[in-house]
Amino acid sequence: MGIRYLLFDLDGTLIDTTNLILSCYRASAHRLVDCPPTDQEILKGFGRPLPDQLWRLFPTLRDRLPEVELLWHQAQDKLHDDLIRPFPDTREVLAQLRQRGYRLGIVTSKERVMAERGMSMYGILPLMDAVVTVEDTTRHKPDPEPVLKGIQALFAPVAETVYIGDSLHDMKAGRAAGVKVAAAMWGPFAKEPLREFQPDYLLERLGDLLELFPPLEAAHGGLASERSLS
């Protein structure tokens, strides 16, 4: 049975937000401590909810987390539109996949208002059949609950679903949910840990999905089949 449902992480997979996220830390929490964490320390937690990140990165500010989180969100609101970019051909690839008969969804640890704001800027939101954000689950990646929520939202059989993301959190969440996983190798994370995880697919660019997943009518007719690009 082939893949018919594609779930995507957002930041680092469809939209390049690395500069935005690092800039938000510099404009908020970094100013409150003498020795702020390095960019690499921040990157280790990409894909996790912001409160978890702030708790991990700023132990001396744990009694001020609501204030720090507010400052972070204020910085994000101010910087967001100038510092995010879609990865190459994002909308075009998603539009083609949708035309080919695939149902598409987002599973992100981001807040809904900012996730939809970023997707709307680049015409991605109208292409999605479902959007799962941090508000929609009580547990978060690498726990499988967000991916399972995405499966439920798409009415998708597990065996016909793939989750595409750029982090080990994404890979672990997808595999624990029982779906196939595809590693987006263009994200900000080190590549070797993603390779060592042995995802079902290694993607060098988003357009690789068009080679992996042909029009569903063709696939059902035996004219094409899934193949790994690893």
# chains A, B, ... in the order shown; residues from 1 in each chain; ligands from 1

call {"tool": "residues_around", "arguments": {"residues": "Arg117 in chain A", "least_positions_apart": "3", "cutoff": "12 Å", "atoms": "only C-alpha atoms", "output": "list of chain:residue names"}}
result
A:Leu10, A:Ile15, A:Gln76, A:Asp77, A:His80, A:Asp81, A:Ile84, A:Lys110, A:Glu111, A:Arg112, A:Val113, A:Met114, A:Ser120, A:Met121, A:Tyr122, A:Gly123, A:Ile124, A:Leu125, A:Pro126

call {"tool": "write_last_selection", "arguments": {"atoms": "C-alpha atoms", "output": "PDB file, in the first residue's frame"}}
result
ATOM      1  CA  LEU A  10       7.278  23.711   9.397  1.00  0.00           C
ATOM      2  CA  ILE A  15      10.239  27.788   6.013  1.00  0.00           C
ATOM      3  CA  GLN A  76       9.207  37.539  17.242  1.00  0.00           C
ATOM      4  CA  ASP A  77       6.246  39.705  16.331  1.00  0.00           C
ATOM      5  CA  HIS A  80       9.107  37.795  11.936  1.00  0.00           C
ATOM      6  CA  ASP A  81       8.168  39.102   8.512  1.00  0.00           C
ATOM      7  CA  ILE A  84      11.779  34.300   7.464  1.00  0.00           C
ATOM      8  CA  LYS A 110       5.034  26.458  16.874  1.00  0.00           C
ATOM      9  CA  GLU A 111       2.071  28.496  18.089  1.00  0.00           C
ATOM     10  CA  ARG A 112      -0.834  28.540  15.645  1.00  0.00           C
ATOM     11  CA  VAL A 113      -0.979  32.294  15.112  1.00  0.00           C
ATOM     12  CA  MET A 114       2.675  32.512  14.032  1.00  0.00           C
ATOM     13  CA  SER A 120       0.088  32.735   4.677  1.00  0.00           C
ATOM     14  CA  MET A 121       2.968  34.979   3.647  1.00  0.00           C
ATOM     15  CA  TYR A 122       4.105  32.459   1.056  1.00  0.00           C
ATOM     16  CA  GLY A 123       0.848  30.863  -0.055  1.00  0.00           C
ATOM     17  CA  ILE A 124       1.409  27.620   1.860  1.00  0.00           C
ATOM     18  CA  LEU A 125      -1.590  27.683   4.202  1.00  0.00           C
ATOM     19  CA  PRO A 126      -4.301  27.217   1.507  1.00  0.00           C
TER      20      PRO A 126
END

call {"tool": "residues_around", "arguments": {"residues": "Ala95 in chain A", "least_positions_apart": "3", "cutoff": "12 Å", "atoms": "only C-alpha atoms", "output": "list in words"}}
result
Asp89, Thr90, Arg91, Glu92, Arg98, Gln99, Arg100, Gly101, Tyr102, Arg103, Leu104, Gly123, Ile124, Leu125, Pro126, Leu127, Met128, Gly207, Leu209 and Leu210 of chain A

call {"tool": "write_last_selection", "arguments": {"atoms": "N, CA and C atoms", "output": "compact mmCIF listing (two decimals), in the first residue's frame"}}
result
# COMPACT_ATOMS: atom_id res chain seq x y z
N ASP A 89 11.41 26.61 -3.95
CA ASP A 89 10.34 25.87 -4.63
C ASP A 89 9.30 25.28 -3.67
N THR A 90 9.23 25.79 -2.45
CA THR A 90 8.32 25.19 -1.47
C THR A 90 6.88 25.18 -1.95
N ARG A 91 6.35 26.34 -2.31
CA ARG A 91 4.95 26.37 -2.70
C ARG A 91 4.69 25.56 -3.96
N GLU A 92 5.63 25.64 -4.91
CA GLU A 92 5.45 24.94 -6.18
C GLU A 92 5.41 23.42 -5.97
N ARG A 98 -0.23 18.28 -4.18
CA ARG A 98 -1.68 18.34 -3.98
C ARG A 98 -2.42 18.01 -5.28
N GLN A 99 -1.92 18.55 -6.40
CA GLN A 99 -2.52 18.25 -7.69
C GLN A 99 -2.43 16.76 -8.02
N ARG A 100 -1.41 16.11 -7.52
CA ARG A 100 -1.22 14.68 -7.78
C ARG A 100 -2.14 13.81 -6.93
N GLY A 101 -2.88 14.43 -6.02
CA GLY A 101 -3.86 13.69 -5.25
C GLY A 101 -3.50 13.42 -3.81
N TYR A 102 -2.36 13.94 -3.35
CA TYR A 102 -1.95 13.73 -1.96
C TYR A 102 -2.62 14.74 -1.05
N ARG A 103 -2.95 14.28 0.15
CA ARG A 103 -3.46 15.19 1.18
C ARG A 103 -2.29 15.63 2.05
N LEU A 104 -2.24 16.93 2.36
CA LEU A 104 -1.08 17.51 3.02
C LEU A 104 -1.46 18.09 4.37
N GLY A 123 1.85 31.64 0.66
CA GLY A 123 0.85 30.86 -0.06
C GLY A 123 0.82 29.39 0.29
N ILE A 124 1.36 29.02 1.46
CA ILE A 124 1.41 27.62 1.86
C ILE A 124 0.12 27.19 2.56
N LEU A 125 -0.44 28.06 3.38
CA LEU A 125 -1.59 27.68 4.20
C LEU A 125 -2.76 27.14 3.39
N PRO A 126 -3.15 27.76 2.25
CA PRO A 126 -4.30 27.22 1.51
C PRO A 126 -4.07 25.81 0.95
N LEU A 127 -2.81 25.37 0.90
CA LEU A 127 -2.51 24.05 0.35
C LEU A 127 -2.63 22.94 1.40
N MET A 128 -2.84 23.31 2.65
CA MET A 128 -2.85 22.34 3.73
C MET A 128 -4.27 21.89 4.08
N GLY A 207 12.13 19.16 -3.72
CA GLY A 207 11.69 18.60 -5.00
C GLY A 207 11.87 17.10 -5.11
N LEU A 209 10.62 15.00 -3.33
CA LEU A 209 9.31 14.39 -3.07
C LEU A 209 8.56 14.13 -4.37
N LEU A 210 8.80 14.94 -5.38
CA LEU A 210 8.11 14.75 -6.66
C LEU A 210 8.61 13.50 -7.38

call {"tool": "residues_around", "arguments": {"residues": "Lys180 in chain A", "least_positions_apart": "2", "cutoff": "7 Å", "atoms": "only C-alpha atoms", "output": "compact mmCIF listing (two decimals) with N, CA and C atoms, in the first residue's frame"}}
result
# COMPACT_ATOMS: atom_id res chain seq x y z
N THR A 161 1.02 7.05 5.38
CA THR A 161 1.43 8.39 5.79
C THR A 161 2.94 8.48 5.96
N VAL A 162 3.51 9.62 5.58
CA VAL A 162 4.92 9.91 5.83
C VAL A 162 5.00 11.26 6.53
N TYR A 163 5.95 11.37 7.47
CA TYR A 163 6.19 12.65 8.15
C TYR A 163 7.56 13.16 7.73
N GLY A 174 7.76 10.74 14.39
CA GLY A 174 7.12 10.03 13.30
C GLY A 174 7.23 8.53 13.41
N ARG A 175 8.42 8.07 13.73
CA ARG A 175 8.60 6.62 13.84
C ARG A 175 7.80 6.05 15.00
N GLY A 178 4.40 5.39 14.08
CA GLY A 178 4.20 4.28 13.17
C GLY A 178 4.21 4.62 11.70
N ALA A 182 10.78 10.99 6.64
CA ALA A 182 11.69 11.52 5.62
C ALA A 182 12.47 12.67 6.23
N ASP A 200 13.31 6.53 6.50
CA ASP A 200 12.88 5.81 5.31
C ASP A 200 13.32 6.52 4.04

call {"tool": "residues_around", "arguments": {"residues": "Leu79 in chain A", "least_positions_apart": "4", "cutoff": "7 Å", "atoms": "only C-alpha atoms", "output": "list in words"}}
result
Leu20, Ala75 and Leu83 of chain A

call {"tool": "write_last_selection", "arguments": {"atoms": "N, CA and C atoms", "output": "compact mmCIF listing (two decimals), in the first residue's frame"}}
result
# COMPACT_ATOMS: atom_id res chain seq x y z
N LEU A 20 15.56 34.03 12.32
CA LEU A 20 14.53 34.63 13.16
C LEU A 20 14.62 34.13 14.59
N ALA A 75 9.62 40.13 20.51
CA ALA A 75 10.69 40.19 19.52
C ALA A 75 10.28 39.46 18.24
N LEU A 83 12.55 38.32 8.61
CA LEU A 83 13.63 37.35 8.78
C LEU A 83 13.29 35.92 8.37

call {"tool": "closest_residue", "arguments": {"among": "A:Phe213, A:Phe58, A:Trp186, A:Tyr5", "to": "Pro88 in chain A", "atoms": "only C-alpha atoms"}}
result
A:Trp186

call {"tool": "select_by_dssp", "arguments": {"residues": "range 13-139 of chain A", "states": "strand (DSSP E or B)", "output": "PyMOL selection string"}}
result
chain A and resi 15-16+85-86+103-107+130-132

call {"tool": "write_last_selection", "arguments": {"atoms": "C-alpha atoms", "output": "PDB file, in the first residue's frame"}}
result
ATOM      1  CA  ILE A  15      10.239  27.788   6.013  1.00  0.00           C
ATOM      2  CA  ASP A  16      13.748  28.932   6.963  1.00  0.00           C
ATOM      3  CA  ARG A  85      12.077  32.826   3.991  1.00  0.00           C
ATOM      4  CA  PRO A  86      10.564  29.776   2.305  1.00  0.00           C
ATOM      5  CA  ARG A 103      -3.460  15.191   1.184  1.00  0.00           C
ATOM      6  CA  LEU A 104      -1.083  17.512   3.020  1.00  0.00           C
ATOM      7  CA  GLY A 105      -0.758  18.597   6.636  1.00  0.00           C
ATOM      8  CA  ILE A 106       1.492  20.462   9.056  1.00  0.00           C
ATOM      9  CA  VAL A 107       2.672  19.181  12.441  1.00  0.00           C
ATOM     10  CA  ALA A 130      -4.784  20.093   8.367  1.00  0.00           C
ATOM     11  CA  VAL A 131      -2.528  22.094  10.701  1.00  0.00           C
ATOM     12  CA  VAL A 132      -1.471  20.767  14.115  1.00  0.00           C
TER      13      VAL A 132
END

call {"tool": "residues_around", "arguments": {"residues": "Pro146 in chain A", "least_positions_apart": "5", "cutoff": "8 Å", "atoms": "only C-alpha atoms", "output": "PyMOL selection string"}}
result
chain A and resi 107-108+132-133+136-137+139-141+173

call {"tool": "closest_residue", "arguments": {"among": "A:Leu168, A:Cys35, A:Leu57, A:Ile3", "to": "Gly187 in chain A", "atoms": "only C-alpha atoms"}}
result
A:Leu168

call {"tool": "select_by_dssp", "arguments": {"residues": "chain A", "states": "alpha helix (DSSP H)", "output": "compact mmCIF listing (two decimals) with N, CA and C atoms, in the first residue's frame"}}
result
# COMPACT_ATOMS: atom_id res chain seq x y z
N THR A 18 15.64 29.95 10.97
CA THR A 18 16.78 29.88 11.88
C THR A 18 17.25 31.27 12.31
N ASN A 19 17.41 32.17 11.36
CA ASN A 19 17.86 33.53 11.68
C ASN A 19 16.85 34.22 12.60
N LEU A 20 15.56 34.03 12.32
CA LEU A 20 14.53 34.63 13.16
C LEU A 20 14.62 34.13 14.59
N ILE A 21 14.70 32.82 14.78
CA ILE A 21 14.68 32.25 16.12
C ILE A 21 15.89 32.70 16.92
N LEU A 22 17.07 32.64 16.31
CA LEU A 22 18.28 33.08 17.02
C LEU A 22 18.20 34.57 17.35
N SER A 23 17.66 35.36 16.43
CA SER A 23 17.54 36.80 16.67
C SER A 23 16.57 37.10 17.80
N CYS A 24 15.51 36.28 17.95
CA CYS A 24 14.56 36.49 19.03
C CYS A 24 15.21 36.26 20.40
N TYR A 25 16.07 35.26 20.48
CA TYR A 25 16.80 35.05 21.74
C TYR A 25 17.71 36.23 22.04
N ARG A 26 18.43 36.70 21.02
CA ARG A 26 19.37 37.81 21.24
C ARG A 26 18.64 39.08 21.66
N ALA A 27 17.42 39.25 21.17
CA ALA A 27 16.66 40.48 21.46
C ALA A 27 15.87 40.39 22.75
N ASP A 39 24.76 29.82 19.88
CA ASP A 39 23.80 29.42 18.84
C ASP A 39 23.68 27.90 18.77
N GLN A 40 24.79 27.19 18.92
CA GLN A 40 24.76 25.73 18.85
C GLN A 40 23.94 25.14 19.99
N GLU A 41 24.04 25.74 21.19
CA GLU A 41 23.24 25.25 22.31
C GLU A 41 21.76 25.47 22.05
N ILE A 42 21.42 26.59 21.43
CA ILE A 42 20.03 26.87 21.09
C ILE A 42 19.54 25.90 20.02
N LEU A 43 20.37 25.64 19.03
CA LEU A 43 19.99 24.75 17.93
C LEU A 43 19.63 23.35 18.41
N LEU A 50 8.71 26.52 22.96
CA LEU A 50 9.50 27.60 23.52
C LEU A 50 9.67 27.50 25.04
N PRO A 51 8.62 27.24 25.84
CA PRO A 51 8.83 27.17 27.30
C PRO A 51 9.87 26.12 27.69
N ASP A 52 9.88 24.98 26.98
CA ASP A 52 10.88 23.95 27.26
C ASP A 52 12.29 24.46 26.96
N GLN A 53 12.41 25.19 25.87
CA GLN A 53 13.70 25.75 25.49
C GLN A 53 14.19 26.76 26.51
N LEU A 54 13.34 27.67 26.93
CA LEU A 54 13.73 28.70 27.89
C LEU A 54 14.13 28.07 29.22
N TRP A 55 13.41 27.06 29.65
CA TRP A 55 13.74 26.36 30.90
C TRP A 55 15.12 25.73 30.81
N ARG A 56 15.41 25.12 29.67
CA ARG A 56 16.70 24.43 29.50
C ARG A 56 17.85 25.41 29.36
N LEU A 57 17.66 26.47 28.61
CA LEU A 57 18.77 27.36 28.25
C LEU A 57 19.08 28.43 29.29
N LEU A 65 10.04 33.02 33.93
CA LEU A 65 9.76 32.50 32.58
C LEU A 65 8.58 33.17 31.88
N PRO A 66 7.47 33.47 32.56
CA PRO A 66 6.39 34.17 31.84
C PRO A 66 6.84 35.51 31.26
N GLU A 67 7.63 36.24 32.02
CA GLU A 67 8.15 37.53 31.54
C GLU A 67 9.09 37.33 30.35
N VAL A 68 9.99 36.34 30.47
CA VAL A 68 10.95 36.09 29.40
C VAL A 68 10.24 35.63 28.14
N GLU A 69 9.25 34.77 28.30
CA GLU A 69 8.49 34.29 27.15
C GLU A 69 7.76 35.44 26.45
N LEU A 70 7.21 36.35 27.23
CA LEU A 70 6.54 37.52 26.65
C LEU A 70 7.53 38.36 25.85
N LEU A 71 8.71 38.60 26.39
CA LEU A 71 9.73 39.37 25.68
C LEU A 71 10.13 38.68 24.37
N TRP A 72 10.24 37.36 24.42
CA TRP A 72 10.60 36.59 23.23
C TRP A 72 9.52 36.75 22.15
N HIS A 73 8.27 36.64 22.55
CA HIS A 73 7.18 36.76 21.58
C HIS A 73 7.08 38.18 21.03
N GLN A 74 7.37 39.16 21.84
CA GLN A 74 7.37 40.54 21.34
C GLN A 74 8.45 40.72 20.28
N ALA A 75 9.62 40.13 20.51
CA ALA A 75 10.69 40.19 19.52
C ALA A 75 10.28 39.46 18.24
N GLN A 76 9.64 38.31 18.40
CA GLN A 76 9.21 37.54 17.24
C GLN A 76 8.20 38.32 16.40
N ASP A 77 7.25 38.94 17.05
CA ASP A 77 6.25 39.71 16.33
C ASP A 77 6.88 40.84 15.52
N LYS A 78 7.90 41.46 16.09
CA LYS A 78 8.57 42.58 15.43
C LYS A 78 9.45 42.13 14.27
N LEU A 79 10.15 41.00 14.44
CA LEU A 79 11.17 40.58 13.48
C LEU A 79 10.66 39.59 12.43
N HIS A 80 9.56 38.95 12.71
CA HIS A 80 9.11 37.79 11.94
C HIS A 80 9.11 38.00 10.42
N ASP A 81 8.39 38.98 9.95
CA ASP A 81 8.17 39.10 8.51
C ASP A 81 9.44 39.42 7.74
N ASP A 82 10.42 40.04 8.40
CA ASP A 82 11.65 40.41 7.72
C ASP A 82 12.69 39.30 7.71
N LEU A 83 12.55 38.32 8.61
CA LEU A 83 13.63 37.35 8.78
C LEU A 83 13.29 35.92 8.37
N THR A 90 9.23 25.79 -2.45
CA THR A 90 8.32 25.19 -1.47
C THR A 90 6.88 25.18 -1.95
N ARG A 91 6.35 26.34 -2.31
CA ARG A 91 4.95 26.37 -2.70
C ARG A 91 4.69 25.56 -3.96
N GLU A 92 5.63 25.64 -4.91
CA GLU A 92 5.45 24.94 -6.18
C GLU A 92 5.41 23.42 -5.97
N VAL A 93 6.30 22.91 -5.12
CA VAL A 93 6.33 21.47 -4.86
C VAL A 93 5.06 21.03 -4.14
N LEU A 94 4.66 21.79 -3.13
CA LEU A 94 3.44 21.44 -2.40
C LEU A 94 2.21 21.47 -3.30
N ALA A 95 2.15 22.47 -4.17
CA ALA A 95 1.01 22.57 -5.08
C ALA A 95 0.97 21.37 -6.03
N GLN A 96 2.14 20.95 -6.51
CA GLN A 96 2.18 19.78 -7.40
C GLN A 96 1.76 18.51 -6.67
N LEU A 97 2.22 18.34 -5.44
CA LEU A 97 1.84 17.16 -4.68
C LEU A 97 0.32 17.12 -4.46
N ARG A 98 -0.23 18.28 -4.18
CA ARG A 98 -1.68 18.34 -3.98
C ARG A 98 -2.42 18.01 -5.28
N GLN A 99 -1.92 18.55 -6.40
CA GLN A 99 -2.52 18.25 -7.69
C GLN A 99 -2.43 16.76 -8.02
N ARG A 112 -0.02 28.49 16.85
CA ARG A 112 -0.83 28.54 15.65
C ARG A 112 -0.79 29.90 14.96
N VAL A 113 -0.88 30.98 15.74
CA VAL A 113 -0.98 32.29 15.11
C VAL A 113 0.26 32.59 14.28
N MET A 114 1.45 32.23 14.78
CA MET A 114 2.67 32.51 14.03
C MET A 114 2.89 31.50 12.92
N ALA A 115 2.51 30.26 13.13
CA ALA A 115 2.63 29.25 12.08
C ALA A 115 1.78 29.66 10.87
N GLU A 116 0.54 30.04 11.13
CA GLU A 116 -0.34 30.42 10.03
C GLU A 116 0.09 31.74 9.40
N ARG A 117 0.66 32.63 10.19
CA ARG A 117 1.16 33.89 9.64
C ARG A 117 2.29 33.63 8.63
N GLY A 118 3.23 32.78 9.01
CA GLY A 118 4.32 32.48 8.10
C GLY A 118 3.85 31.75 6.85
N MET A 119 2.97 30.78 7.01
CA MET A 119 2.48 30.04 5.85
C MET A 119 1.67 30.92 4.92
N SER A 120 0.90 31.84 5.50
CA SER A 120 0.09 32.73 4.68
C SER A 120 0.94 33.68 3.83
N MET A 121 2.09 34.07 4.38
CA MET A 121 2.97 34.98 3.65
C MET A 121 3.42 34.40 2.31
N GLU A 145 2.54 12.07 19.98
CA GLU A 145 1.19 12.63 20.02
C GLU A 145 0.90 13.65 18.92
N PRO A 146 1.81 14.62 18.64
CA PRO A 146 1.49 15.58 17.57
C PRO A 146 1.32 14.92 16.20
N VAL A 147 2.16 13.93 15.88
CA VAL A 147 2.02 13.25 14.59
C VAL A 147 0.73 12.44 14.55
N LEU A 148 0.42 11.78 15.64
CA LEU A 148 -0.84 11.04 15.70
C LEU A 148 -2.04 11.97 15.53
N LYS A 149 -1.94 13.18 16.09
CA LYS A 149 -3.00 14.17 15.92
C LYS A 149 -3.12 14.57 14.45
N GLY A 150 -1.98 14.71 13.76
CA GLY A 150 -2.01 15.03 12.34
C GLY A 150 -2.64 13.93 11.51
N ILE A 151 -2.32 12.69 11.85
CA ILE A 151 -2.92 11.54 11.17
C ILE A 151 -4.43 11.57 11.34
N GLN A 152 -4.86 11.82 12.56
CA GLN A 152 -6.29 11.88 12.86
C GLN A 152 -6.96 13.01 12.08
N ALA A 153 -6.29 14.17 12.02
CA ALA A 153 -6.88 15.32 11.34
C ALA A 153 -7.05 15.07 9.84
N LEU A 154 -6.16 14.27 9.26
CA LEU A 154 -6.24 13.96 7.83
C LEU A 154 -7.08 12.72 7.55
N LEU A 168 15.97 15.37 14.58
CA LEU A 168 15.80 14.06 15.19
C LEU A 168 14.50 13.99 15.97
N HIS A 169 14.05 15.11 16.52
CA HIS A 169 12.75 15.15 17.20
C HIS A 169 11.64 14.72 16.23
N ASP A 170 11.72 15.22 15.01
CA ASP A 170 10.72 14.86 13.99
C ASP A 170 10.79 13.38 13.66
N MET A 171 12.02 12.89 13.45
CA MET A 171 12.20 11.49 13.08
C MET A 171 11.67 10.56 14.18
N LYS A 172 12.00 10.87 15.42
CA LYS A 172 11.57 10.02 16.54
C LYS A 172 10.06 10.06 16.71
N ALA A 173 9.47 11.25 16.57
CA ALA A 173 8.02 11.37 16.73
C ALA A 173 7.29 10.59 15.64
N GLY A 174 7.76 10.74 14.39
CA GLY A 174 7.12 10.03 13.30
C GLY A 174 7.23 8.53 13.41
N ARG A 175 8.42 8.07 13.73
CA ARG A 175 8.60 6.62 13.84
C ARG A 175 7.80 6.05 15.00
N ALA A 176 7.76 6.77 16.13
CA ALA A 176 6.97 6.29 17.26
C ALA A 176 5.48 6.26 16.95
N ALA A 177 5.07 7.13 16.02
CA ALA A 177 3.66 7.14 15.60
C ALA A 177 3.36 6.04 14.59
N LYS A 191 23.97 16.75 9.76
CA LYS A 191 23.40 15.74 8.87
C LYS A 191 23.67 14.31 9.32
N GLU A 192 24.84 14.08 9.93
CA GLU A 192 25.21 12.70 10.25
C GLU A 192 24.25 12.04 11.23
N PRO A 193 23.80 12.73 12.31
CA PRO A 193 22.81 12.09 13.19
C PRO A 193 21.51 11.72 12.46
N LEU A 194 21.12 12.54 11.49
CA LEU A 194 19.92 12.20 10.72
C LEU A 194 20.16 10.94 9.88
N ARG A 195 21.33 10.84 9.27
CA ARG A 195 21.66 9.64 8.49
C ARG A 195 21.70 8.41 9.39
N GLU A 196 22.32 8.56 10.56
CA GLU A 196 22.45 7.43 11.47
C GLU A 196 21.10 6.93 11.96
N PHE A 197 20.12 7.81 12.01
CA PHE A 197 18.78 7.40 12.42
C PHE A 197 18.15 6.45 11.41
N ASP A 208 12.71 16.49 -4.25
CA ASP A 208 12.86 15.03 -4.28
C ASP A 208 11.53 14.32 -4.04
N LEU A 209 10.62 15.00 -3.33
CA LEU A 209 9.31 14.39 -3.07
C LEU A 209 8.56 14.13 -4.37
N LEU A 210 8.80 14.94 -5.38
CA LEU A 210 8.11 14.75 -6.66
C LEU A 210 8.61 13.50 -7.38
N GLU A 211 9.85 13.12 -7.10
CA GLU A 211 10.37 11.87 -7.66
C GLU A 211 9.90 10.67 -6.86
N LEU A 212 9.79 10.84 -5.56
CA LEU A 212 9.35 9.74 -4.71
C LEU A 212 7.87 9.43 -4.86
N LEU A 216 -1.06 9.85 -8.02
CA LEU A 216 -1.60 8.63 -7.43
C LEU A 216 -2.21 7.70 -8.46
N GLU A 217 -2.78 8.25 -9.50
CA GLU A 217 -3.34 7.41 -10.54
C GLU A 217 -2.25 6.58 -11.20
N ALA A 218 -1.09 7.20 -11.46
CA ALA A 218 0.02 6.47 -12.07
C ALA A 218 0.56 5.41 -11.13
N ALA A 219 0.67 5.78 -9.84
CA ALA A 219 1.19 4.82 -8.88
C ALA A 219 0.28 3.61 -8.76
N HIS A 220 -1.03 3.86 -8.76
CA HIS A 220 -1.98 2.75 -8.63
C HIS A 220 -1.99 1.89 -9.88

call {"tool": "residues_around", "arguments": {"residues": "Pro199 in chain A", "least_positions_apart": "3", "cutoff": "7 Å", "atoms": "only C-alpha atoms", "output": "number ranges by chain"}}
result
A: 181-183, 202

call {"tool": "write_last_selection", "arguments": {"atoms": "C-alpha atoms", "output": "CSV table (one decimal), in the first residue's frame"}}
result
chain,number,residue,atom,x,y,z
A,181,VAL,CA,9.8,9.3,8.1
A,182,ALA,CA,11.7,11.5,5.6
A,183,ALA,CA,14.7,13.6,6.7
A,202,LEU,CA,16.7,11.1,2.8
